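Single-structure report; data block below.
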Amino acid sequence: MNYKFPLLLVIALMMSIPVYSWQSDPNVQEAFLPFDTSVNSITRSASGKPGPAYWQNEVDYNIKVSLNPEAHTVKGQVVIEYTNNSPDELDYLWLQLDQDLFSKDSWGGKLTPYSGSRFGNMAFDGGYNLKSVTVTEGNNTFTPETRKVDTNLRIDLKSPLPASGGMVTVKINYEFEVPTYGSDRLGRLETENGWIYELAQWYPRMVVYDDVKGWNVKPYLGAGEFYLEYGDFDYEITVPYDFIVVGSGTLVNPEDVLTKEQQSRFDRATKSDETVMILDVDEVGTSASRPESSGTLTWKFRMENARDVAWAASKAFVWDAARINLPDGSKSLAMSVYPVESAGDSAWSRSTEYVKYSIEYNSNQWFQYSYPVAVNVAGVVGGMEYPGIVFCSWRAKAGSLWGVTDHEFGHNWFPMVVGSNEREHAWMDEGFNTFINGYSTENFNNGEYQARRTDVRGITRWMTSPRNEAVMTEPDQMTAGNLGILAYYKPGLGLRILRESVLGHDLFDRAFKEYINRWAYKHPTPTDFFNTMEDVSGYNLDWFWRGWFATAWTLDQSVDKVEYIEDDPSSGSLITISNHKKMVMPVVLRITQQNGKEETLRYPVQLWQTTNTWTLKYDSDSPVTKVIIDPDNEFPDIDPENNTWVLGN
């Protein structure tokens with residue numbers, strides 16, 4: 001082929017090509033540049049799947065503690081069996097000591113604003129008291145050298161832990177005082193019948209060693225949550241005889257801690273779709289409600305393939321339960337414990353009904369619930385999630401109790417099953433969970449609690465404010481007050497837009513379910529999510545990931561003018577629209593003609609790939625009287641005033 005064009009032709013071609021500057025705003029073409037989700041690893045596939053050499057370390061825990069309600073202390077021992085499945089020898093281990101956030105000397109304590117914060121610590125000086133730490137490697141047991149870095153503890157090994165299956169055991173004797181308010185994650189509440197203890201982050205836990213960062217040693221500062229390995233748990237809680245204990249997993253010794261009548265009721269609950277009282281309001285504090293009249297009782301639990309366990313204890317608990325029906329025909333058990341002050345048909349007496357529906361709905365919609373119980377605990381914690389158990393406010397009632405219950409149990413999918421790194425990517429658990437909560441609420445009891453449909457335009461004032469920042473900002477680095485929008489609201493809204501307005505229900509659901517299946521009980525990154533959604537749906541979504549998650553861009557679409565071909569409306573209309581900012585979205589136009597005909601047309605987002613302004617031909621029969629862009633408020637347009645063109649205006 002001859003490439004020597006005449007000079008004049010070259011000049012003419014150059015003059016006909018639109019020139020766009022990516023340095024100015026408004027400009028939209030930057031949205032379509034490749035968004036880097038490249039993968040160069042045999043542990044993670046470019047398709048979004050775990051790679052052929054994906055590995056993950058395992059941690060099994062055996063824990064025995066006692067609760068002393070007189071001193072508000074927990075004391076005991078944890079035995080950690082750690083398996084190194086990585087291809088690396090490990091010269092040392094790192095443990096998380098999350099209780100140390102509640103020491104006045106912690107970094108999180110020192111970073112708490114003088115006015116206080118939800119996750120701060122100002123009036124309590126606690127933390128772990130490690131009585132002893134020993135390590136067993138093979139037949140060699142020794143006291144290791146340790147080094148503490150805020151809420152993390154390094155344990156030096158005498159010999160490197162072998163790769164690809166090396167095992168080591170760490171034994172720690174410890175105690176700590178339970179804070180009254182533990183950063184809305186744990187704590188204790190005094191009620192008329194006694195204290196309610198909600199215990200989480202209650203044992204030293206292994207730091208994750210993964211294929212992305214090695215040891216993930218970000219300290220616990222409060223806002224960033226957790227990143228944990230999977231394994232099996234056997235744990236025992238010794239409490240005064242008159243206490244009830246509930247926890248993650250199966251209660252393995254009900255015959256030791258329940259009366260014969262309670263065992264019978266418990267069994268009945270496993271077969272009932274209606275709530276069964278295990279310990280009723282008028283039985284709280286009575287001698288007949290306990291199998292012993294003095295001393296202590298030890299409650300034993302087992303939880304398999306989980307990343308954590310938590311528990312609650314009190315002599316003030318009312319206790320009820322009902323069966324959960326799962327898609328494959330198996331069963332789980334919904335349970336609630338709460339003080340008499342919280343009982344009532346408009347409050348916690350409906351908690352188990354809420355738990356049951358939330359678990360059943362999400363199991364059918366996304367992925368089957370994987371734990372033997374789902375326990376809702378009323379206490380001082382406003383709302384916090386752990387595998388198989390959640391803590392919700394004892395004051396919550398009606399719709400607010402449904403909402404917090406559904407939200408906290410939604411976390412059993414994100415991040416309890418899909419084990420993302422919450423400390424770095426809060427949006428991958430809070431945002432995904434906020435997204436699924438919208439649908440479960442819309443469907444609960446024929447809409448009993450009207451779902452507050454995600455208000456797409458409701459976020460625009462914040463998006464145009466100086467507070468606007470990217471969703472992918474780490475939680476501990478977010479501007480104060482932004483966590484709710486960046487971790488929950490905006491990512492949840494983004495998934496809603498993808499499902500309702502970009503991919504459609506079928507494609508989105510196929511891709512989202514595949515993401516859950518691929519990464520169940522594993523550690524996905526944002527790239528794994530992005531690549532899976534594209535791989536399964538067949539859509540290139542670089543423009544969406546960049547505009548919605550990675551930047552603080554805004555959207556402003558407009559209808560500019562309407563003209564007619566040869567000045568004759570019956571020959572067709574020319575509708576000119578523009579996109580004034582860097583964020584892009586598909587185009588939806590509602591067109592009304594003078595003859596009363598109204599039509600809604602949809603155009604793909606690629607309309608904006610080469611230009612900020614586009615003229616569309618519309619086959620009109622009569623003069624166009626109104627054109628609205630985004631008529632149903634599907635997108636977060638920051639200036640709705642320019643979204644409507646009206647004849648004569």
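Chain labels follow the order of the structure tokens: the first chain is A, the next B, and so on; residue numbering restarts at 1 in every chain, and ligands are counted from 1 in their shown order.
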
Please produce, as a Markdown table, a per-residue contact table for segment 179-222 of chain A versus segment 419-441 of chain A (criterion: any atom at most 10 Å away, only C-alpha atoms considered), showing the nearest atom pair and its distance in Å to one decimal, sorted by chain then residue number.
```
| residue | atom | partner | partner_atom | distance |
| --- | --- | --- | --- | --- |
| A:Val208 | CA | A:Asn421 | CA | 9.4 |
| A:Asn216 | CA | A:Asn421 | CA | 9.2 |
| A:Lys218 | CA | A:Arg423 | CA | 7.6 |
| A:Pro219 | CA | A:Arg423 | CA | 8.9 |
| A:Tyr220 | CA | A:Arg423 | CA | 8.1 |
| A:Leu221 | CA | A:Arg423 | CA | 9.5 |
| A:Gly222 | CA | A:Arg423 | CA | 9.5 |
```

Per-residue nearest contacts of segment 49-115 of chain A to segment 223-230 of chain A (9 Å; only C-alpha atoms) as a tab-separated table:
```
residue	atom	partner	partner_atom	distance
A:Gln56	CA	A:Glu229	CA	7.9
A:Asn57	CA	A:Glu229	CA	6.8
A:Glu58	CA	A:Tyr230	CA	5.7
A:Val59	CA	A:Tyr230	CA	6.1
A:Asp60	CA	A:Tyr230	CA	7.8
```

Would you kindly return, as a PDB file with N, CA, C and O atoms, in the first residue's frame, each protein, DNA or RNA residue with an atom no farther than 12 Å from any atom of Leu161 of chain A, considering only C-alpha atoms and excluding same-chain residues fewer than 6 positions away?
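Result file follows (selection_31.pdb):
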```pdb
ATOM      1  N   TYR A  82      -0.697 -22.417  63.498  1.00  0.00           N
ATOM      2  CA  TYR A  82      -0.534 -21.635  62.266  1.00  0.00           C
ATOM      3  C   TYR A  82       0.133 -22.474  61.192  1.00  0.00           C
ATOM      4  O   TYR A  82       1.191 -23.071  61.420  1.00  0.00           O
ATOM      5  N   THR A  83      -0.512 -22.533  60.014  1.00  0.00           N
ATOM      6  CA  THR A  83       0.023 -23.294  58.890  1.00  0.00           C
ATOM      7  C   THR A  83       0.450 -22.331  57.789  1.00  0.00           C
ATOM      8  O   THR A  83      -0.364 -21.543  57.294  1.00  0.00           O
ATOM      9  N   ASN A  84       1.709 -22.413  57.427  1.00  0.00           N
ATOM     10  CA  ASN A  84       2.273 -21.543  56.402  1.00  0.00           C
ATOM     11  C   ASN A  84       2.173 -22.223  55.039  1.00  0.00           C
ATOM     12  O   ASN A  84       3.013 -23.051  54.671  1.00  0.00           O
ATOM     13  N   ASN A  85       1.141 -21.886  54.287  1.00  0.00           N
ATOM     14  CA  ASN A  85       0.959 -22.448  52.943  1.00  0.00           C
ATOM     15  C   ASN A  85       1.639 -21.610  51.866  1.00  0.00           C
ATOM     16  O   ASN A  85       1.552 -21.947  50.678  1.00  0.00           O
ATOM     17  N   SER A  86       2.269 -20.528  52.253  1.00  0.00           N
ATOM     18  CA  SER A  86       2.906 -19.643  51.284  1.00  0.00           C
ATOM     19  C   SER A  86       4.178 -20.284  50.735  1.00  0.00           C
ATOM     20  O   SER A  86       4.714 -21.239  51.315  1.00  0.00           O
ATOM     21  N   PRO A  87       4.711 -19.747  49.647  1.00  0.00           N
ATOM     22  CA  PRO A  87       5.976 -20.267  49.110  1.00  0.00           C
ATOM     23  C   PRO A  87       7.199 -19.677  49.816  1.00  0.00           C
ATOM     24  O   PRO A  87       8.330 -19.927  49.385  1.00  0.00           O
ATOM     25  N   ASP A  88       6.962 -18.919  50.894  1.00  0.00           N
ATOM     26  CA  ASP A  88       8.047 -18.228  51.586  1.00  0.00           C
ATOM     27  C   ASP A  88       8.317 -18.848  52.954  1.00  0.00           C
ATOM     28  O   ASP A  88       7.381 -19.170  53.696  1.00  0.00           O
ATOM     29  N   GLU A  89       9.588 -18.959  53.317  1.00  0.00           N
ATOM     30  CA  GLU A  89       9.921 -19.247  54.706  1.00  0.00           C
ATOM     31  C   GLU A  89       9.637 -18.000  55.539  1.00  0.00           C
ATOM     32  O   GLU A  89       9.849 -16.880  55.081  1.00  0.00           O
ATOM     33  N   LEU A  90       9.167 -18.203  56.757  1.00  0.00           N
ATOM     34  CA  LEU A  90       8.844 -17.080  57.636  1.00  0.00           C
ATOM     35  C   LEU A  90       9.763 -17.113  58.849  1.00  0.00           C
ATOM     36  O   LEU A  90       9.792 -18.095  59.591  1.00  0.00           O
ATOM     37  N   ASP A  91      10.503 -16.027  59.043  1.00  0.00           N
ATOM     38  CA  ASP A  91      11.434 -15.936  60.170  1.00  0.00           C
ATOM     39  C   ASP A  91      10.759 -15.468  61.449  1.00  0.00           C
ATOM     40  O   ASP A  91      11.324 -15.604  62.535  1.00  0.00           O
ATOM     41  N   TYR A  92       9.571 -14.899  61.310  1.00  0.00           N
ATOM     42  CA  TYR A  92       8.840 -14.385  62.464  1.00  0.00           C
ATOM     43  C   TYR A  92       7.351 -14.350  62.132  1.00  0.00           C
ATOM     44  O   TYR A  92       6.944 -14.485  60.967  1.00  0.00           O
ATOM     45  N   LEU A  93       6.555 -14.182  63.149  1.00  0.00           N
ATOM     46  CA  LEU A  93       5.107 -14.080  63.016  1.00  0.00           C
ATOM     47  C   LEU A  93       4.667 -12.716  63.517  1.00  0.00           C
ATOM     48  O   LEU A  93       5.313 -12.107  64.372  1.00  0.00           O
ATOM     49  N   VAL A 135       6.273 -20.584  72.151  1.00  0.00           N
ATOM     50  CA  VAL A 135       6.194 -21.084  70.779  1.00  0.00           C
ATOM     51  C   VAL A 135       6.689 -22.522  70.756  1.00  0.00           C
ATOM     52  O   VAL A 135       7.692 -22.853  71.411  1.00  0.00           O
ATOM     53  N   THR A 136       5.995 -23.367  70.002  1.00  0.00           N
ATOM     54  CA  THR A 136       6.439 -24.743  69.806  1.00  0.00           C
ATOM     55  C   THR A 136       6.676 -24.981  68.324  1.00  0.00           C
ATOM     56  O   THR A 136       5.752 -24.867  67.506  1.00  0.00           O
ATOM     57  N   GLU A 137       7.939 -25.264  67.990  1.00  0.00           N
ATOM     58  CA  GLU A 137       8.310 -25.644  66.631  1.00  0.00           C
ATOM     59  C   GLU A 137       8.821 -27.079  66.681  1.00  0.00           C
ATOM     60  O   GLU A 137       9.881 -27.343  67.247  1.00  0.00           O
ATOM     61  N   GLY A 138       8.063 -28.005  66.150  1.00  0.00           N
ATOM     62  CA  GLY A 138       8.435 -29.410  66.259  1.00  0.00           C
ATOM     63  C   GLY A 138       8.418 -29.830  67.713  1.00  0.00           C
ATOM     64  O   GLY A 138       7.409 -29.688  68.409  1.00  0.00           O
ATOM     65  N   ILE A 155       6.642 -11.909  66.791  1.00  0.00           N
ATOM     66  CA  ILE A 155       7.191 -13.047  67.528  1.00  0.00           C
ATOM     67  C   ILE A 155       8.297 -13.666  66.688  1.00  0.00           C
ATOM     68  O   ILE A 155       8.047 -14.167  65.578  1.00  0.00           O
ATOM     69  N   MET A 167       4.240 -25.783  60.035  1.00  0.00           N
ATOM     70  CA  MET A 167       3.295 -25.503  61.114  1.00  0.00           C
ATOM     71  C   MET A 167       4.040 -25.087  62.377  1.00  0.00           C
ATOM     72  O   MET A 167       5.134 -25.569  62.667  1.00  0.00           O
ATOM     73  N   VAL A 168       3.405 -24.173  63.126  1.00  0.00           N
ATOM     74  CA  VAL A 168       3.959 -23.714  64.385  1.00  0.00           C
ATOM     75  C   VAL A 168       2.797 -23.470  65.342  1.00  0.00           C
ATOM     76  O   VAL A 168       1.676 -23.154  64.907  1.00  0.00           O
ATOM     77  N   THR A 169       3.056 -23.635  66.645  1.00  0.00           N
ATOM     78  CA  THR A 169       2.028 -23.406  67.666  1.00  0.00           C
ATOM     79  C   THR A 169       2.482 -22.278  68.582  1.00  0.00           C
ATOM     80  O   THR A 169       3.625 -22.262  69.045  1.00  0.00           O
TER      81      THR A 169
END
```

Nearest to Ala322 of chain A, chosen from A:Ile629, A:Val536, A:Val281, A:Val373, with only C-alpha atoms counted in the distances: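 Ranking A:Ile629, A:Val536, A:Val281, A:Val373 by distance to Ala322 of chain A, first place goes to A:Val373.
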
Just want the 9 Å neighbourhood of Tyr54 of chain A, counted on only C-alpha atoms, with same-chain residues fewer than 4 positions away dropped. Output as a count of residues only. 5

Tell me, which residues of segment 20-222 of chain A carry DSSP alpha helix (DSSP H), written as number ranges by chain? A: 107-110

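Among A:Arg323, A:Lys581, A:Lys315, A:His407, the residue with the shortest atom-to-atom distance to Phe266 of chain A, counting only C-alpha atoms, is A:Arg323.
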
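Look at Tyr386 of chain A: the protein and nucleic acid residues within 7 Å of it, using only C-alpha atoms and passing over chain neighbours fewer than 6 places away, are Asp308, Val309 and Ala310 of chain A.
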
Dump of C-alpha atoms for the selected residues, as a PDB file, in the first residue's frame:
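In the end it all went to again11.pdb:
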```pdb
ATOM      1  CA  ASP A 308     -13.227 -14.906  63.672  1.00  0.00           C
ATOM      2  CA  VAL A 309     -15.563 -15.669  66.570  1.00  0.00           C
ATOM      3  CA  ALA A 310     -17.340 -13.465  69.093  1.00  0.00           C
TER       4      ALA A 310
END
```

So which residues touch segment 299-304 of chain A within 10 Å, counting only C-alpha atoms, skipping near sequence neighbours fewer than 6 positions away, as a PyMOL selection string? chain A and resi 60-64+230-239+244-254+256-258+311+370-373+387-388

Keeping N, CA, C and O atoms for every residue in the selection just given, could you write it to a file as a compact mmCIF listing (two decimals), in the first residue's frame?
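Just written: selection-v9.txt:
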```txt
# COMPACT_ATOMS: atom_id res chain seq x y z
N ASP A 60 -5.85 -22.09 63.13
CA ASP A 60 -6.83 -22.75 63.98
C ASP A 60 -6.59 -22.30 65.42
O ASP A 60 -5.44 -22.19 65.87
N TYR A 61 -7.71 -22.06 66.13
CA TYR A 61 -7.61 -21.52 67.48
C TYR A 61 -8.30 -22.45 68.49
O TYR A 61 -9.39 -22.96 68.21
N ASN A 62 -7.67 -22.61 69.63
CA ASN A 62 -8.29 -23.25 70.78
C ASN A 62 -8.19 -22.25 71.93
O ASN A 62 -7.09 -21.90 72.36
N ILE A 63 -9.35 -21.80 72.41
CA ILE A 63 -9.37 -20.70 73.38
C ILE A 63 -10.17 -21.12 74.60
O ILE A 63 -11.28 -21.67 74.47
N LYS A 64 -9.65 -20.83 75.78
CA LYS A 64 -10.35 -21.09 77.03
C LYS A 64 -10.20 -19.85 77.91
O LYS A 64 -9.09 -19.48 78.29
N TYR A 230 -8.61 -17.64 57.69
CA TYR A 230 -9.66 -18.61 57.97
C TYR A 230 -9.09 -19.83 58.69
O TYR A 230 -7.92 -20.18 58.54
N GLY A 231 -9.97 -20.45 59.48
CA GLY A 231 -9.58 -21.67 60.20
C GLY A 231 -10.73 -22.15 61.05
O GLY A 231 -11.87 -21.69 60.93
N ASP A 232 -10.44 -23.11 61.93
CA ASP A 232 -11.44 -23.68 62.82
C ASP A 232 -11.20 -23.17 64.25
O ASP A 232 -10.05 -22.95 64.66
N PHE A 233 -12.31 -23.04 65.00
CA PHE A 233 -12.25 -22.52 66.36
C PHE A 233 -12.93 -23.49 67.32
O PHE A 233 -14.07 -23.93 67.07
N ASP A 234 -12.23 -23.81 68.39
CA ASP A 234 -12.84 -24.46 69.54
C ASP A 234 -12.61 -23.52 70.72
O ASP A 234 -11.46 -23.19 71.03
N TYR A 235 -13.70 -23.11 71.35
CA TYR A 235 -13.51 -22.16 72.45
C TYR A 235 -14.49 -22.42 73.58
O TYR A 235 -15.60 -22.92 73.36
N GLU A 236 -14.02 -22.09 74.78
CA GLU A 236 -14.79 -22.32 76.01
C GLU A 236 -14.86 -21.02 76.81
O GLU A 236 -13.85 -20.34 76.98
N ILE A 237 -16.08 -20.74 77.30
CA ILE A 237 -16.31 -19.54 78.09
C ILE A 237 -16.85 -19.97 79.46
O ILE A 237 -17.94 -20.54 79.54
N THR A 238 -16.10 -19.69 80.50
CA THR A 238 -16.55 -20.01 81.86
C THR A 238 -17.11 -18.74 82.50
O THR A 238 -16.43 -17.70 82.54
N VAL A 239 -18.34 -18.86 82.99
CA VAL A 239 -19.05 -17.70 83.55
C VAL A 239 -19.77 -18.14 84.83
O VAL A 239 -19.93 -19.34 85.10
N ILE A 244 -26.16 -16.58 80.83
CA ILE A 244 -26.39 -17.21 79.53
C ILE A 244 -25.28 -16.73 78.59
O ILE A 244 -24.92 -15.55 78.59
N VAL A 245 -24.74 -17.64 77.79
CA VAL A 245 -23.71 -17.29 76.81
C VAL A 245 -24.18 -17.70 75.42
O VAL A 245 -24.70 -18.80 75.23
N VAL A 246 -24.02 -16.81 74.47
CA VAL A 246 -24.25 -17.13 73.06
C VAL A 246 -22.98 -16.76 72.30
O VAL A 246 -22.24 -15.86 72.69
N GLY A 247 -22.72 -17.47 71.20
CA GLY A 247 -21.50 -17.20 70.47
C GLY A 247 -21.54 -17.72 69.05
O GLY A 247 -22.49 -18.40 68.63
N SER A 248 -20.50 -17.39 68.31
CA SER A 248 -20.35 -17.92 66.95
C SER A 248 -20.26 -19.44 66.99
O SER A 248 -19.57 -20.01 67.84
N GLY A 249 -20.96 -20.10 66.09
CA GLY A 249 -20.81 -21.54 65.96
C GLY A 249 -21.79 -22.35 66.78
O GLY A 249 -22.75 -21.84 67.36
N THR A 250 -21.51 -23.64 66.87
CA THR A 250 -22.39 -24.60 67.52
C THR A 250 -22.08 -24.70 69.01
O THR A 250 -20.92 -24.85 69.40
N LEU A 251 -23.11 -24.64 69.83
CA LEU A 251 -22.97 -24.95 71.26
C LEU A 251 -22.86 -26.47 71.37
O LEU A 251 -23.81 -27.20 71.06
N VAL A 252 -21.71 -26.97 71.81
CA VAL A 252 -21.46 -28.41 71.76
C VAL A 252 -21.80 -29.12 73.07
O VAL A 252 -21.80 -30.36 73.10
N ASN A 253 -22.10 -28.39 74.13
CA ASN A 253 -22.45 -29.05 75.40
C ASN A 253 -23.74 -28.49 76.01
O ASN A 253 -23.76 -28.07 77.16
N PRO A 254 -24.84 -28.48 75.26
CA PRO A 254 -26.09 -27.92 75.81
C PRO A 254 -26.55 -28.66 77.06
O PRO A 254 -27.19 -28.05 77.94
N ASP A 256 -24.89 -29.52 79.52
CA ASP A 256 -24.18 -29.03 80.70
C ASP A 256 -24.65 -27.64 81.15
O ASP A 256 -24.50 -27.28 82.31
N VAL A 257 -25.20 -26.86 80.22
CA VAL A 257 -25.45 -25.45 80.52
C VAL A 257 -26.92 -25.04 80.40
O VAL A 257 -27.28 -23.91 80.73
N LEU A 258 -27.77 -25.94 79.90
CA LEU A 258 -29.19 -25.65 79.77
C LEU A 258 -30.00 -26.61 80.62
O LEU A 258 -29.60 -27.77 80.84
N TRP A 311 -18.68 -13.47 71.13
CA TRP A 311 -19.68 -14.04 72.04
C TRP A 311 -20.26 -12.95 72.92
O TRP A 311 -19.76 -11.81 72.97
N SER A 370 -23.56 -19.91 55.61
CA SER A 370 -22.67 -21.04 55.83
C SER A 370 -22.45 -21.41 57.29
O SER A 370 -21.65 -22.31 57.58
N TYR A 371 -23.16 -20.77 58.22
CA TYR A 371 -22.90 -21.04 59.63
C TYR A 371 -24.09 -21.72 60.30
O TYR A 371 -25.24 -21.56 59.86
N PRO A 372 -23.86 -22.45 61.39
CA PRO A 372 -24.95 -23.21 62.02
C PRO A 372 -25.94 -22.34 62.79
O PRO A 372 -27.06 -22.78 63.04
N VAL A 373 -25.51 -21.13 63.19
CA VAL A 373 -26.41 -20.23 63.91
C VAL A 373 -26.23 -18.82 63.40
O VAL A 373 -25.21 -18.48 62.78
N PRO A 387 -18.67 -13.37 62.47
CA PRO A 387 -19.24 -14.58 61.85
C PRO A 387 -20.29 -15.25 62.74
O PRO A 387 -20.01 -15.64 63.87
N GLY A 388 -21.51 -15.35 62.24
CA GLY A 388 -22.56 -16.04 62.95
C GLY A 388 -23.17 -15.30 64.11
O GLY A 388 -24.10 -15.81 64.75
```

How far is it from atom CA of Leu495 of chain A to atom CA of Gln29 of chain A, in Å with one decimal?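 If I compute the distance from atom CA of Leu495 of chain A to atom CA of Gln29 of chain A, I get 22.7 Å.
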
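Put simply, atom CA of Gln365 of chain A is 18.3 Å away from atom CA of Ala334 of chain A.
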
Shell of 9 Å around Asp184 of chain A, only C-alpha atoms, local chain residues under 3 positions omitted, as a ChimeraX atom specification: /A:118-119,181,187,380-384

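Of the listed residues (A:Asn40, A:Leu297, A:Ser358, A:Trp195), A:Ser358 comes nearest to Asn443 of chain A; the distances count only C-alpha atoms.
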
Residues of segment 114-256 of chain A classed as strand (DSSP E or B) by DSSP on the backbone are to be reported as a PyMOL selection string. chain A and resi 129-137+140-142+146-149+152-161+166-177+181-182+186-191+194-199+205-206+209-210+214-215+230-240+244-247+250-251

State, in Å with one decimal place, the distance from atom CA of Pro179 of chain A to atom CA of Phe124 of chain A.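 Rounded to one decimal, the two atoms are 6.8 Å apart.
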
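Nearest to Glu30 of chain A of all the residues A:Met416, A:Val79, A:Ile591, A:Met583 is A:Met583, counting only C-alpha atoms.
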